[in-house]
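Here the structure is laid out as structure tokens; the discussion comes afterwards.
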Amino acid sequence: MTRGHLLVEFVGLPGAGKTTLASAVARRLARRGLAVKNVGSLYPDTSWKVRARKMARGLRETLLRPQSAYRSGLAVLASGQRSLVDAAKALHNWLFISSVVEENGSGAHVVLLDEGVFQALWSIGYSGRDGALAALLYDLYPLFPRPDLVVIVDVGPAIAAARLAARPFGGSRLERAPADDPHAFVRAVQVWQELRRFIEGLSTEPQGVDVATVDNNGEGVDANADALATRIEHLWAGRRPIDGWARVS
């Protein structure tokens, strides 16, 4: 590795269990003596205090990287959000995620993101016009350093929907979809499948991204977390992942 930190992003449909899995991995890495920062645990809910902290981070990103913020704004506007309010929310979330990625990119530690650059791109693509994700990937993804490991949290749409229905808060854009939009979940799955194909393609490129897929349909969080913690340990040590770990199950 050429940088001091190791960046791990968890990505998947809302309700896939990204936050739960990232927290379980963080606990295991800490017990094994690795310095770890689980960014998702810093912003645990949708209270006004957390929202204010996120807004401050987004404004800070705009001031520190105005050219990147300007380019991001153009890309979000071009994505065809349903309203200017939706565009403003999407841009704010993107700038917040950008700030988190940049700030946690220094120091010798493992950074776990349960909502990183890829998840933010899914969110903008989901609420934009048909086909918006391809342009977003072209315009926005190159602005940031690639993660060292992307964990695709695989779950069936029906299970994801059931988990969302059982959650006490509406933290994702999908949960806040208008009640008169019967195609919201179908669109969410379509955009996710497109994003997943892009991520999986990165693993085949020279100097590509390491990608792991975990089956999170059942109750196997502990087994998945154990396997991922070991894989991250190998990456942290600078060694190749052990054979047969193209997919964690």
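FYI, nothing fancy with the structure tokens labels: chains A, B, ... in order, residues from 1 per chain, ligands from 1 as they appear.
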*Which residues, written as a list in words, have at least one atom at most 12 Å from Arg187 of chain A, with only C-alpha atoms counted and residues fewer than 5 positions away on the same chain left out?*
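Within the cut-off, the hits are Leu13, Trp122, Ser123, Gly125, Tyr126, Ser127, Gly128, Arg129, Asp130, Gly131, Ala132, Leu133, Pro157, Leu174, Ala177, Asp181, Pro182, Trp192, Gln193 and Glu194 of chain A.
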Would you output that residue set with N, CA and C atoms, as a tab-separated table (two decimals), in the first residue's frame?
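again.tsv, freshly written:
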```
chain	number	residue	atom	x	y	z
A	13	LEU	N	-28.20	-2.28	-1.31
A	13	LEU	CA	-29.53	-1.69	-1.20
A	13	LEU	C	-29.79	-1.20	0.22
A	122	TRP	N	-25.29	5.92	-5.76
A	122	TRP	CA	-26.57	5.21	-5.91
A	122	TRP	C	-27.74	6.13	-5.55
A	123	SER	N	-27.60	6.86	-4.46
A	123	SER	CA	-28.69	7.73	-3.99
A	123	SER	C	-29.03	8.79	-5.03
A	125	GLY	N	-28.32	8.67	-8.28
A	125	GLY	CA	-28.84	7.99	-9.47
A	125	GLY	C	-30.27	7.53	-9.29
A	126	TYR	N	-30.59	7.06	-8.09
A	126	TYR	CA	-31.95	6.58	-7.81
A	126	TYR	C	-32.98	7.70	-7.95
A	127	SER	N	-32.65	8.88	-7.47
A	127	SER	CA	-33.62	9.97	-7.48
A	127	SER	C	-33.53	10.83	-8.75
A	128	GLY	N	-32.65	10.45	-9.69
A	128	GLY	CA	-32.50	11.20	-10.93
A	128	GLY	C	-33.26	10.57	-12.07
A	129	ARG	N	-33.02	11.08	-13.25
A	129	ARG	CA	-33.68	10.55	-14.45
A	129	ARG	C	-33.12	9.17	-14.80
A	130	ASP	N	-33.82	8.47	-15.66
A	130	ASP	CA	-33.35	7.17	-16.13
A	130	ASP	C	-31.99	7.33	-16.82
A	131	GLY	N	-31.06	6.46	-16.49
A	131	GLY	CA	-29.75	6.51	-17.11
A	131	GLY	C	-28.79	7.51	-16.50
A	132	ALA	N	-29.18	8.17	-15.40
A	132	ALA	CA	-28.33	9.21	-14.82
A	132	ALA	C	-27.06	8.64	-14.20
A	133	LEU	N	-27.11	7.40	-13.71
A	133	LEU	CA	-25.97	6.86	-12.97
A	133	LEU	C	-24.71	6.80	-13.82
A	157	PRO	N	-34.24	-8.33	-2.87
A	157	PRO	CA	-35.10	-7.15	-2.73
A	157	PRO	C	-36.22	-7.32	-1.72
A	174	LEU	N	-34.85	5.94	-0.19
A	174	LEU	CA	-35.89	5.01	-0.59
A	174	LEU	C	-37.04	5.01	0.41
A	177	ALA	N	-39.45	7.90	-0.10
A	177	ALA	CA	-40.09	8.00	-1.41
A	177	ALA	C	-41.57	8.33	-1.23
A	181	ASP	N	-45.66	6.79	-5.41
A	181	ASP	CA	-44.66	6.32	-6.38
A	181	ASP	C	-44.54	4.80	-6.25
A	182	PRO	N	-45.35	4.05	-6.98
A	182	PRO	CA	-45.35	2.58	-6.81
A	182	PRO	C	-44.11	1.92	-7.40
A	192	TRP	N	-29.28	-0.01	-8.45
A	192	TRP	CA	-28.31	-0.78	-7.69
A	192	TRP	C	-27.63	-1.83	-8.57
A	193	GLN	N	-28.39	-2.52	-9.39
A	193	GLN	CA	-27.79	-3.53	-10.27
A	193	GLN	C	-26.80	-2.91	-11.24
A	194	GLU	N	-27.12	-1.73	-11.75
A	194	GLU	CA	-26.19	-1.04	-12.65
A	194	GLU	C	-24.91	-0.66	-11.92
```
Enumerate, in order of chain and increasing residue number, the residues of segment 82-132 of chain A with an atom no farther than 12 Å from segment 18-36 of chain A, each with its shortest atom pair and distance in Å to one decimal, counting only C-alpha atoms, as a tab-separated table.
```
residue	atom	partner	partner_atom	distance
A:Asn104	CA	A:Val36	CA	10.7
A:Gly107	CA	A:Ala35	CA	9.7
A:Ala108	CA	A:Ala35	CA	7.4
A:His109	CA	A:Ala35	CA	4.8
A:Val110	CA	A:Val36	CA	4.6
A:Val111	CA	A:Val36	CA	5.9
A:Leu112	CA	A:Ala22	CA	6.6
A:Leu113	CA	A:Ala22	CA	7.5
A:Asp114	CA	A:Thr19	CA	5.4
A:Glu115	CA	A:Lys18	CA	8.2
A:Gly116	CA	A:Lys18	CA	11.0
A:Gln119	CA	A:Lys18	CA	10.4
```
*atom CA of Gly201 of chain A to atom CA of Val151 of chain A, distance in Å rounded to a single decimal*: 13.7 Å
Considering only C-alpha atoms, return as a PDB file with C-alpha atoms, in the first residue's frame whatever protein or nucleic-acid residues lie within 8 Å of segment 91-97 of chain A, sequence-local ones (same chain, fewer than 4 positions apart) excluded.
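Ended up saving to result-v8.pdb:
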```
ATOM      1  CA  LYS A  54     -23.653  16.861   8.380  1.00  0.00           C
ATOM      2  CA  MET A  55     -24.580  20.280   6.990  1.00  0.00           C
ATOM      3  CA  ARG A  57     -19.320  19.129   6.996  1.00  0.00           C
ATOM      4  CA  GLY A  58     -20.845  19.785   3.580  1.00  0.00           C
ATOM      5  CA  LEU A  59     -20.260  23.532   3.854  1.00  0.00           C
ATOM      6  CA  GLU A  61     -16.104  20.717   1.897  1.00  0.00           C
ATOM      7  CA  THR A  62     -17.417  23.495  -0.361  1.00  0.00           C
ATOM      8  CA  ALA A  69     -17.904  21.289  -5.232  1.00  0.00           C
ATOM      9  CA  SER A  72     -20.249  18.136  -8.264  1.00  0.00           C
ATOM     10  CA  GLY A  73     -23.067  20.677  -8.415  1.00  0.00           C
ATOM     11  CA  VAL A  76     -26.076  16.649  -9.761  1.00  0.00           C
ATOM     12  CA  ALA A  87     -31.113  18.409  -6.194  1.00  0.00           C
ATOM     13  CA  VAL A 101     -13.767  10.442   2.743  1.00  0.00           C
ATOM     14  CA  GLU A 115     -22.213   5.074   3.378  1.00  0.00           C
ATOM     15  CA  GLY A 116     -19.391   6.120   1.097  1.00  0.00           C
ATOM     16  CA  VAL A 117     -18.883   7.411  -2.412  1.00  0.00           C
ATOM     17  CA  ALA A 120     -23.944   8.329  -2.440  1.00  0.00           C
ATOM     18  CA  LEU A 121     -23.785   7.789  -6.206  1.00  0.00           C
TER      19      LEU A 121
END
```
*asked:* Would you compute the distance between atom CA of Leu195 of chain A and atom CA of Asp154 of chain A? Give it in Å to one decimal.
replied: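 That distance, rounded to one decimal, is 12.8 Å.
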*DSSP says alpha helix (DSSP H) for which residues of segment 70-242 of chain A? Put them as a ChimeraX atom specification?*
/A:70-78,84-103,117-127,132-139,157-166,184-202,221-236
Take the residues that were just selected and, keeping C-alpha atoms, output them as a PDB file, in the first residue's frame.
```
ATOM      1  CA  TYR A  70     -18.720  23.268  -8.384  1.00  0.00           C
ATOM      2  CA  ARG A  71     -18.148  20.239 -10.606  1.00  0.00           C
ATOM      3  CA  SER A  72     -20.249  18.136  -8.264  1.00  0.00           C
ATOM      4  CA  GLY A  73     -23.067  20.677  -8.415  1.00  0.00           C
ATOM      5  CA  LEU A  74     -23.104  20.620 -12.199  1.00  0.00           C
ATOM      6  CA  ALA A  75     -23.201  16.813 -12.248  1.00  0.00           C
ATOM      7  CA  VAL A  76     -26.076  16.649  -9.761  1.00  0.00           C
ATOM      8  CA  LEU A  77     -28.099  19.248 -11.688  1.00  0.00           C
ATOM      9  CA  ALA A  78     -27.505  17.322 -14.919  1.00  0.00           C
ATOM     10  CA  LEU A  84     -34.513  21.806  -7.056  1.00  0.00           C
ATOM     11  CA  VAL A  85     -35.111  20.744  -3.454  1.00  0.00           C
ATOM     12  CA  ASP A  86     -34.183  17.156  -4.326  1.00  0.00           C
ATOM     13  CA  ALA A  87     -31.113  18.409  -6.194  1.00  0.00           C
ATOM     14  CA  ALA A  88     -30.041  20.477  -3.177  1.00  0.00           C
ATOM     15  CA  LYS A  89     -30.470  17.482  -0.844  1.00  0.00           C
ATOM     16  CA  ALA A  90     -28.535  15.210  -3.196  1.00  0.00           C
ATOM     17  CA  LEU A  91     -25.684  17.721  -3.508  1.00  0.00           C
ATOM     18  CA  HIS A  92     -25.565  18.269   0.234  1.00  0.00           C
ATOM     19  CA  ASN A  93     -25.321  14.515   0.866  1.00  0.00           C
ATOM     20  CA  TRP A  94     -22.602  14.150  -1.778  1.00  0.00           C
ATOM     21  CA  LEU A  95     -20.537  16.995  -0.297  1.00  0.00           C
ATOM     22  CA  PHE A  96     -20.929  15.512   3.176  1.00  0.00           C
ATOM     23  CA  ILE A  97     -19.711  12.092   2.006  1.00  0.00           C
ATOM     24  CA  SER A  98     -16.868  13.777   0.119  1.00  0.00           C
ATOM     25  CA  SER A  99     -15.790  15.537   3.293  1.00  0.00           C
ATOM     26  CA  VAL A 100     -15.894  12.301   5.296  1.00  0.00           C
ATOM     27  CA  VAL A 101     -13.767  10.442   2.743  1.00  0.00           C
ATOM     28  CA  GLU A 102     -11.196  13.237   2.542  1.00  0.00           C
ATOM     29  CA  GLU A 103     -10.945  13.806   6.293  1.00  0.00           C
ATOM     30  CA  VAL A 117     -18.883   7.411  -2.412  1.00  0.00           C
ATOM     31  CA  PHE A 118     -20.589   4.487  -4.162  1.00  0.00           C
ATOM     32  CA  GLN A 119     -23.646   4.578  -1.899  1.00  0.00           C
ATOM     33  CA  ALA A 120     -23.944   8.329  -2.440  1.00  0.00           C
ATOM     34  CA  LEU A 121     -23.785   7.789  -6.206  1.00  0.00           C
ATOM     35  CA  TRP A 122     -26.571   5.212  -5.906  1.00  0.00           C
ATOM     36  CA  SER A 123     -28.685   7.728  -3.994  1.00  0.00           C
ATOM     37  CA  ILE A 124     -28.268  10.449  -6.627  1.00  0.00           C
ATOM     38  CA  GLY A 125     -28.836   7.995  -9.466  1.00  0.00           C
ATOM     39  CA  TYR A 126     -31.952   6.579  -7.807  1.00  0.00           C
ATOM     40  CA  SER A 127     -33.616   9.973  -7.485  1.00  0.00           C
ATOM     41  CA  ALA A 132     -28.330   9.206 -14.818  1.00  0.00           C
ATOM     42  CA  LEU A 133     -25.966   6.860 -12.966  1.00  0.00           C
ATOM     43  CA  ALA A 134     -23.641   6.298 -15.939  1.00  0.00           C
ATOM     44  CA  ALA A 135     -22.926  10.022 -16.261  1.00  0.00           C
ATOM     45  CA  LEU A 136     -22.500  10.385 -12.498  1.00  0.00           C
ATOM     46  CA  LEU A 137     -19.935   7.584 -12.419  1.00  0.00           C
ATOM     47  CA  TYR A 138     -18.023   9.307 -15.219  1.00  0.00           C
ATOM     48  CA  ASP A 139     -18.159  12.793 -13.690  1.00  0.00           C
ATOM     49  CA  PRO A 157     -35.096  -7.152  -2.733  1.00  0.00           C
ATOM     50  CA  ALA A 158     -37.943  -8.722  -0.735  1.00  0.00           C
ATOM     51  CA  ILE A 159     -35.746  -9.108   2.355  1.00  0.00           C
ATOM     52  CA  ALA A 160     -34.426  -5.552   2.005  1.00  0.00           C
ATOM     53  CA  ALA A 161     -37.985  -4.226   1.747  1.00  0.00           C
ATOM     54  CA  ALA A 162     -39.058  -6.152   4.854  1.00  0.00           C
ATOM     55  CA  ARG A 163     -36.109  -4.812   6.851  1.00  0.00           C
ATOM     56  CA  LEU A 164     -36.879  -1.247   5.781  1.00  0.00           C
ATOM     57  CA  ALA A 165     -40.497  -1.653   6.846  1.00  0.00           C
ATOM     58  CA  ALA A 166     -39.336  -2.761  10.295  1.00  0.00           C
ATOM     59  CA  ALA A 184     -39.729   3.474  -6.303  1.00  0.00           C
ATOM     60  CA  PHE A 185     -38.374   0.121  -5.139  1.00  0.00           C
ATOM     61  CA  VAL A 186     -38.141  -1.283  -8.664  1.00  0.00           C
ATOM     62  CA  ARG A 187     -36.137   1.772  -9.717  1.00  0.00           C
ATOM     63  CA  ALA A 188     -33.915   1.430  -6.642  1.00  0.00           C
ATOM     64  CA  VAL A 189     -33.088  -2.182  -7.539  1.00  0.00           C
ATOM     65  CA  GLN A 190     -32.393  -1.301 -11.186  1.00  0.00           C
ATOM     66  CA  VAL A 191     -29.975   1.485 -10.246  1.00  0.00           C
ATOM     67  CA  TRP A 192     -28.306  -0.779  -7.692  1.00  0.00           C
ATOM     68  CA  GLN A 193     -27.795  -3.531 -10.267  1.00  0.00           C
ATOM     69  CA  GLU A 194     -26.187  -1.038 -12.652  1.00  0.00           C
ATOM     70  CA  LEU A 195     -23.883   0.244  -9.905  1.00  0.00           C
ATOM     71  CA  ARG A 196     -22.994  -3.287  -8.860  1.00  0.00           C
ATOM     72  CA  ARG A 197     -21.920  -4.192 -12.400  1.00  0.00           C
ATOM     73  CA  PHE A 198     -19.666  -1.134 -12.442  1.00  0.00           C
ATOM     74  CA  ILE A 199     -18.069  -2.031  -9.100  1.00  0.00           C
ATOM     75  CA  GLU A 200     -17.514  -5.640 -10.091  1.00  0.00           C
ATOM     76  CA  GLY A 201     -15.883  -4.436 -13.310  1.00  0.00           C
ATOM     77  CA  LEU A 202     -13.343  -2.423 -11.320  1.00  0.00           C
ATOM     78  CA  VAL A 221     -23.620 -11.581  10.260  1.00  0.00           C
ATOM     79  CA  ASP A 222     -21.052 -13.035  12.674  1.00  0.00           C
ATOM     80  CA  ALA A 223     -19.579 -15.401  10.071  1.00  0.00           C
ATOM     81  CA  ASN A 224     -19.474 -12.634   7.448  1.00  0.00           C
ATOM     82  CA  ALA A 225     -17.848 -10.238   9.907  1.00  0.00           C
ATOM     83  CA  ASP A 226     -15.205 -12.812  10.895  1.00  0.00           C
ATOM     84  CA  ALA A 227     -14.312 -13.493   7.257  1.00  0.00           C
ATOM     85  CA  LEU A 228     -14.160  -9.799   6.355  1.00  0.00           C
ATOM     86  CA  ALA A 229     -12.044  -8.936   9.394  1.00  0.00           C
ATOM     87  CA  THR A 230      -9.512 -11.568   8.365  1.00  0.00           C
ATOM     88  CA  ARG A 231      -9.501 -10.318   4.791  1.00  0.00           C
ATOM     89  CA  ILE A 232      -8.938  -6.745   5.952  1.00  0.00           C
ATOM     90  CA  GLU A 233      -6.075  -7.938   8.157  1.00  0.00           C
ATOM     91  CA  HIS A 234      -4.422  -9.446   5.082  1.00  0.00           C
ATOM     92  CA  LEU A 235      -4.845  -6.223   3.148  1.00  0.00           C
ATOM     93  CA  TRP A 236      -3.530  -4.194   6.050  1.00  0.00           C
TER      94      TRP A 236
END
```
*asked:* To one decimal place in Å, what is the distance between atom CA of Ala52 of chain A and atom CA of Val39 of chain A?
replied: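 Atom CA of Val39 of chain A lies at a distance of 16.5 Å from atom CA of Ala52 of chain A.
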